[in-house]
Structure formats: structure tokens, C-alpha cells
Amino acid sequence: MVRDVPLIGVFGAGQLGRMLALAGYPLGLQFRFFDPAPESPAEPLAERVCASFSDEAALQRFAAGLRVATFEFENIPLHALEHISSAVPVSPPLRALAIGQDRWEEKRCFQSLGIPVPAYAPVNSRSELEEAVDRIGLPAVLKTRRMGYDGKGQATIQDERGLDSAWRALEGQPLLLERFVPFDAEVSMLAVRNPSGATSFYPLVENVHGDGILLTSRVPATCVSPELEEQARRYALALLLALDYVGVLAIEFFVEHGVLLANEMAPRVHNSGHWTIEGAETSQFENHLRAILNWPLGSTGLRGMSVMFNITSVLPDLERLLRIPGAHVHLYGKAPKPRRKLGHVTITADDQETLHQRELELRAVLHGQAAGDSALGIR
Ligand code: AMP
């Protein structure tokens, strides 16, 4: 008997799409991507519809025969997903995407569920900016409500003198002013739910950003108490249930004086979950696929300790990377460009000392290669 092969449609053919396909093939899945970009990391792995998100004929070609559609980046026009949703189930739910696309809606959603956030205010004019500063104080961060990622679309205002330049850089679009949080750490929670209501949570991940871009993710987090872990799970569960969520959801938090403050959520697999490929019993990519197909979720238990380093801007010497024991190298096939994520390396080990030693070796390779490249921000 020929078994029916589920065909998964993925909006976005970037590295997240590529890693979804890599996780899906062992499960017997097939993939089709939709992405308007001329070149994309998932291209060599599966068929791809290359068209504008407003091309309805292309959307129909994409949707034909899909078991389920999903997305791997947030800035997809909602109408593209709505267009196919009468023909194909789309997960995660469009409501989660709509909220995740707007920082203001996102914060209101967190607050409505009792999830603490830094003080914030919407800003639509220069006078509203001044009112918001009076209320929230300085330093503060001015952000675009929509289309911001990897630190793009935001400006930190240190004092009154910085108001003008921040306003000039971002004016003309809906904005949000947020209190600048002098955080002790940044952490993220990756949670997953399937339509039957099964949920699972990865341990909290400790993240370091530089210039708005994720540099490293560490598990187990060094800065986390069992109470904080429990708290993060409660917040994530509240979101999963309120949004009737299906798939992997990532929530990023600041830790300030032992308290979690939600920064943002991503209704998709997330860069701070790449370590799960080697560091967890089931990767975030596999669990996302299991969830959207309403299959049983896989264990989120750890396989040792992990640190993930993003490779940004410059490609390091591959042979040197491969010589490091416990280093798992992932390259996305992208041309180097400043601030572009080109790949990642996850270091795994069974104990802290070995992990530390391997991490030093990795830092030496990345640092040596990218000396002077501040975008890499290796510390
Ligand atoms: P975002 O695009 O909001 O995730 O911001 C990227 C990074 O900028 C965060 O991970 C933080 O490191 C930093 N950042 C963003 N908002 C704030 C804030 N309100 N206070 C302090 N740092 C922030």
C-alpha cells in the first residue's frame, strides 16, 4: 500500500524553513515553500513558489494538495494566509500572528493575561513622544510597532538630547516607547501545543544579544531559579490557551531583580531554539511539525548542556570549526553580508567544564576570523 505523504506548505524559505524541512524528512514529510526572495536557504531542499504575497494565482498553486500550511517568519501579510485558509488549515493561528506583528497589541495581550511587561506607550506624533517620555522616563527605547526584527526599527534614547534623532530616525510609522530595562539577563521560553491540547515546554534559554542580534543561547540557563522556570511556564501556558495555539511559540523575557518581564513573542520556531537540534530529545523543528499535524509531541528533555553561537556577517574557517569536539555546525548557504545570520554552531557537552573548554575553542575560531567585526560582538 502506498502511504499518503503529508505535504507541508511553509511561508518563508529562510533558514528556519530549511531546518523545518531537515527535521521533517526523517518523518516522511514533504515540503513546499512560498517566498518572494530570489534566493533562499530552503531552495535546495524542496519545491518553491517564488511570487509576491499578493499574487492570488501563485497562492492557489502553493496551497494545492497541502495537508497543512505554516510560516517561518512573522512579516507575512495576513491576507496571504487568509487567502489560503479556506482551502488548507493554517497553524499557528492567524490571531497569534496578527498580535505578534504589532508590538503594541503584543504588550496588551501579555498584560491582559497577567504577564508583566516594561512600561510602554504608543507614539504617533512628536508631542505624544514627549508625553510618553514624561510618563515612562529616560532612558527609553523607541520602536516601530511593526516590521522590526534583529534590533532594526528601534532607537535607544538616553536623555532629552536624544529625542530629536530618535524621532527623525523612526517618524512616519506607528511607534511605541518602552522603558529601557537594565536587565540582569535575557531568557526565552519555547512552548509547543497540538490541536488535541497536549502541551510541552523546553527549559528556559539564556540569551545574549549584541546590537539587537542574538549572539548566544545557553541551556541550562545559569541565571534561572526553579521558581522563575515555573513562572515562565505559567505565562507560556496562559498564552497557548488564550490563543488556542498550535505549533511552537517563543516568548522572550527580560529578567530584572528576579522578575520576568515579557519583551516579545514569535509565533514560530525561533533562533533561541536552534540548540534543540542536538541539545534536546526532540528539536523545536520536529515538535512544530508534530504539533501542526496533531501528532504526539516529542520529549523536550535535555541531552546534556548546550551553547549555541550564531555565525553573523562573516563565515569562519569551516575546518577549524569542525575540529572542535562537540561542535555541531549549521551553515545556511547565504552570502556573507554585515548583520546577516549565516549559520550557527551548537556546542554540546555532558559537564560544565567540558562545555566551557569547547566554548573557549569556538570563541577563538569565531573571534580570530571576525576580529574587528562588532556585529559579531563576541565577548
Ligand atoms: P527586540 O527586537 O525587541 O527583541 O529587541 C532586540 C534586543 O534589544 C533585545 O533582546 C534587548 O537586548 C534589546 N532591547 C529591546 N528592548 C529593550 C528594552 N526595553 N530595554 C533594554 N533592552 C532592550
# chains A, B, ... in the order shown; residues from 1 in each chain; ligands from 1
$ residues_around --residues "Pro6 in chain A" --least-positions-apart "3" --cutoff "7 Å" --atoms "only C-alpha atoms" --output "number ranges by chain"
A: 29-30, 67
$ residues_around --residues "range 272-288 of chain A" --least-positions-apart "6" --cutoff "6 Å" --atoms "only C-alpha atoms" --output "list in words"
Leu20, Ala23, Ser217, Gly247, Val248, Leu297, Gly298, Ser299, Thr300, Gly301, Leu302, Arg303, Ser306, Met308 and Thr346 of chain A
$ closest_atom_pairs --of "chain A" --to "ligand 1" --cutoff "6 Å" --atoms "only C-alpha atoms and all ligand atoms" --output "CSV"
residue,atom,partner,partner_atom_place_in_ligand_line,distance
A:Val141,CA,ligand 1,19 (N),5.5
A:Tyr149,CA,ligand 1,2 (O),4.9
A:Asp150,CA,ligand 1,2 (O),5.3
A:Gly151,CA,ligand 1,6 (C),4.5
A:Glu178,CA,ligand 1,19 (N),5.1
A:Arg179,CA,ligand 1,19 (N),5.2
A:Phe180,CA,ligand 1,20 (N),3.6
A:Val181,CA,ligand 1,20 (N),3.7
A:Pro182,CA,ligand 1,21 (C),5.9
A:His209,CA,ligand 1,12 (O),5.2
A:Gly212,CA,ligand 1,7 (C),4.1
$ atom_distance --atom1 "CA of Tyr25 in chain A" --atom2 "CA of Phe53 in chain A"
26.2 Å
$ select_by_dssp --residues "range 10-51 of chain A" --states "strand (DSSP E or B)" --output "PyMOL selection string"
chain A and resi 10-11+30-34+47-49
$ closest_residue --among "A:Glu160, A:Asp211, A:Asp35, A:Glu56" --to "Ile76 in chain A" --atoms "only C-alpha atoms"
A:Asp35
$ closest_residue --among "A:Leu190, A:Gly114, A:Gly333, A:Thr348" --to "Pro44 in chain A" --atoms "only C-alpha atoms"
A:Gly333
$ closest_atom_pairs --of "range 7-86 of chain A" --to "range 90-109 of chain A" --cutoff "6 Å" --atoms "only C-alpha atoms" --output "JSON lines"
{"residue": "A:Val68", "atom": "CA", "partner": "A:Val90", "partner_atom": "CA", "distance": 6.0}
{"residue": "A:Ala69", "atom": "CA", "partner": "A:Val90", "partner_atom": "CA", "distance": 4.8}
{"residue": "A:Thr70", "atom": "CA", "partner": "A:Ser91", "partner_atom": "CA", "distance": 5.2}
{"residue": "A:Ser85", "atom": "CA", "partner": "A:Val90", "partner_atom": "CA", "distance": 6.0}
$ closest_residue --among "A:Val88, A:Leu142, A:Leu366, A:Ala349" --to "Leu321 in chain A" --atoms "only C-alpha atoms"
A:Leu366
$ select_by_dssp --residues "range 73-322 of chain A" --states "alpha helix (DSSP H)" --output "ChimeraX atom specification"
/A:78-85,94-100,103-112,126-136,163-170,226-242,276-279,284-292,318-322
$ decode --residues "range 61-88 of chain A" --atoms "N, CA, C and O atoms" --output "compact mmCIF listing (two decimals), in the first residue's frame"
# COMPACT_ATOMS: atom_id res chain seq x y z
N ARG A 61 -1.66 27.99 -6.29
CA ARG A 61 -0.72 26.92 -6.70
C ARG A 61 0.00 26.37 -5.48
O ARG A 61 0.19 25.17 -5.32
N PHE A 62 0.37 27.27 -4.58
CA PHE A 62 1.08 26.87 -3.36
C PHE A 62 0.19 25.97 -2.50
O PHE A 62 0.63 24.94 -1.97
N ALA A 63 -1.10 26.35 -2.38
CA ALA A 63 -2.00 25.66 -1.44
C ALA A 63 -2.47 24.29 -1.95
O ALA A 63 -2.86 23.44 -1.15
N ALA A 64 -2.39 24.07 -3.28
CA ALA A 64 -2.96 22.85 -3.85
C ALA A 64 -2.31 21.60 -3.26
O ALA A 64 -1.09 21.43 -3.36
N GLY A 65 -3.11 20.76 -2.63
CA GLY A 65 -2.62 19.47 -2.13
C GLY A 65 -1.92 19.51 -0.79
O GLY A 65 -1.43 18.48 -0.32
N LEU A 66 -1.85 20.68 -0.15
CA LEU A 66 -1.17 20.73 1.16
C LEU A 66 -2.01 20.08 2.24
O LEU A 66 -3.23 20.21 2.26
N ARG A 67 -1.35 19.38 3.18
CA ARG A 67 -2.04 18.86 4.36
C ARG A 67 -2.26 20.00 5.35
O ARG A 67 -3.30 20.12 5.98
N VAL A 68 -1.24 20.84 5.49
CA VAL A 68 -1.31 21.96 6.42
C VAL A 68 -0.28 23.00 5.97
O VAL A 68 0.72 22.66 5.34
N ALA A 69 -0.59 24.28 6.27
CA ALA A 69 0.38 25.35 5.96
C ALA A 69 0.84 25.99 7.26
O ALA A 69 0.09 26.05 8.23
N THR A 70 2.09 26.46 7.24
CA THR A 70 2.64 27.13 8.41
C THR A 70 3.52 28.27 7.90
O THR A 70 3.59 28.53 6.70
N PHE A 71 4.19 28.96 8.81
CA PHE A 71 5.05 30.07 8.39
C PHE A 71 6.28 30.10 9.27
O PHE A 71 6.25 29.67 10.41
N GLU A 72 7.37 30.62 8.70
CA GLU A 72 8.63 30.63 9.43
C GLU A 72 9.15 32.04 9.62
O GLU A 72 10.25 32.23 10.10
N PHE A 73 8.39 33.04 9.21
CA PHE A 73 8.73 34.41 9.61
C PHE A 73 7.46 35.21 9.77
O PHE A 73 6.41 34.85 9.24
N GLU A 74 7.57 36.29 10.55
CA GLU A 74 6.35 36.94 11.01
C GLU A 74 5.81 38.01 10.09
O GLU A 74 4.64 38.34 10.16
N ASN A 75 6.68 38.55 9.25
CA ASN A 75 6.22 39.72 8.50
C ASN A 75 5.56 39.33 7.18
O ASN A 75 5.81 39.93 6.14
N ILE A 76 4.69 38.33 7.25
CA ILE A 76 3.93 37.92 6.07
C ILE A 76 2.61 38.69 6.12
O ILE A 76 1.96 38.72 7.17
N PRO A 77 2.20 39.28 5.00
CA PRO A 77 0.89 39.94 5.02
C PRO A 77 -0.19 38.91 5.39
O PRO A 77 -0.26 37.83 4.81
N LEU A 78 -1.03 39.30 6.35
CA LEU A 78 -2.06 38.36 6.84
C LEU A 78 -2.97 37.88 5.72
O LEU A 78 -3.44 36.74 5.72
N HIS A 79 -3.20 38.79 4.72
CA HIS A 79 -4.18 38.41 3.68
C HIS A 79 -3.71 37.18 2.90
O HIS A 79 -4.54 36.40 2.41
N ALA A 80 -2.39 36.97 2.81
CA ALA A 80 -1.89 35.79 2.08
C ALA A 80 -2.33 34.52 2.80
O ALA A 80 -2.77 33.55 2.18
N LEU A 81 -2.24 34.55 4.13
CA LEU A 81 -2.64 33.37 4.91
C LEU A 81 -4.15 33.22 4.91
O LEU A 81 -4.67 32.10 4.80
N GLU A 82 -4.84 34.37 5.01
CA GLU A 82 -6.31 34.30 4.98
C GLU A 82 -6.77 33.72 3.66
O GLU A 82 -7.71 32.93 3.60
N HIS A 83 -6.07 34.11 2.58
CA HIS A 83 -6.48 33.67 1.25
C HIS A 83 -6.49 32.14 1.13
O HIS A 83 -7.38 31.57 0.52
N ILE A 84 -5.50 31.49 1.73
CA ILE A 84 -5.45 30.03 1.57
C ILE A 84 -6.18 29.29 2.70
O ILE A 84 -6.41 28.09 2.60
N SER A 85 -6.57 30.03 3.76
CA SER A 85 -7.07 29.32 4.95
C SER A 85 -8.44 28.67 4.74
O SER A 85 -8.82 27.80 5.52
N SER A 86 -9.15 29.05 3.66
CA SER A 86 -10.41 28.34 3.40
C SER A 86 -10.13 26.97 2.79
O SER A 86 -10.92 26.04 2.90
N ALA A 87 -8.96 26.84 2.14
CA ALA A 87 -8.63 25.58 1.46
C ALA A 87 -7.75 24.67 2.31
O ALA A 87 -7.82 23.44 2.19
N VAL A 88 -6.92 25.26 3.17
CA VAL A 88 -5.91 24.48 3.90
C VAL A 88 -5.85 24.97 5.35
O VAL A 88 -5.87 26.18 5.58
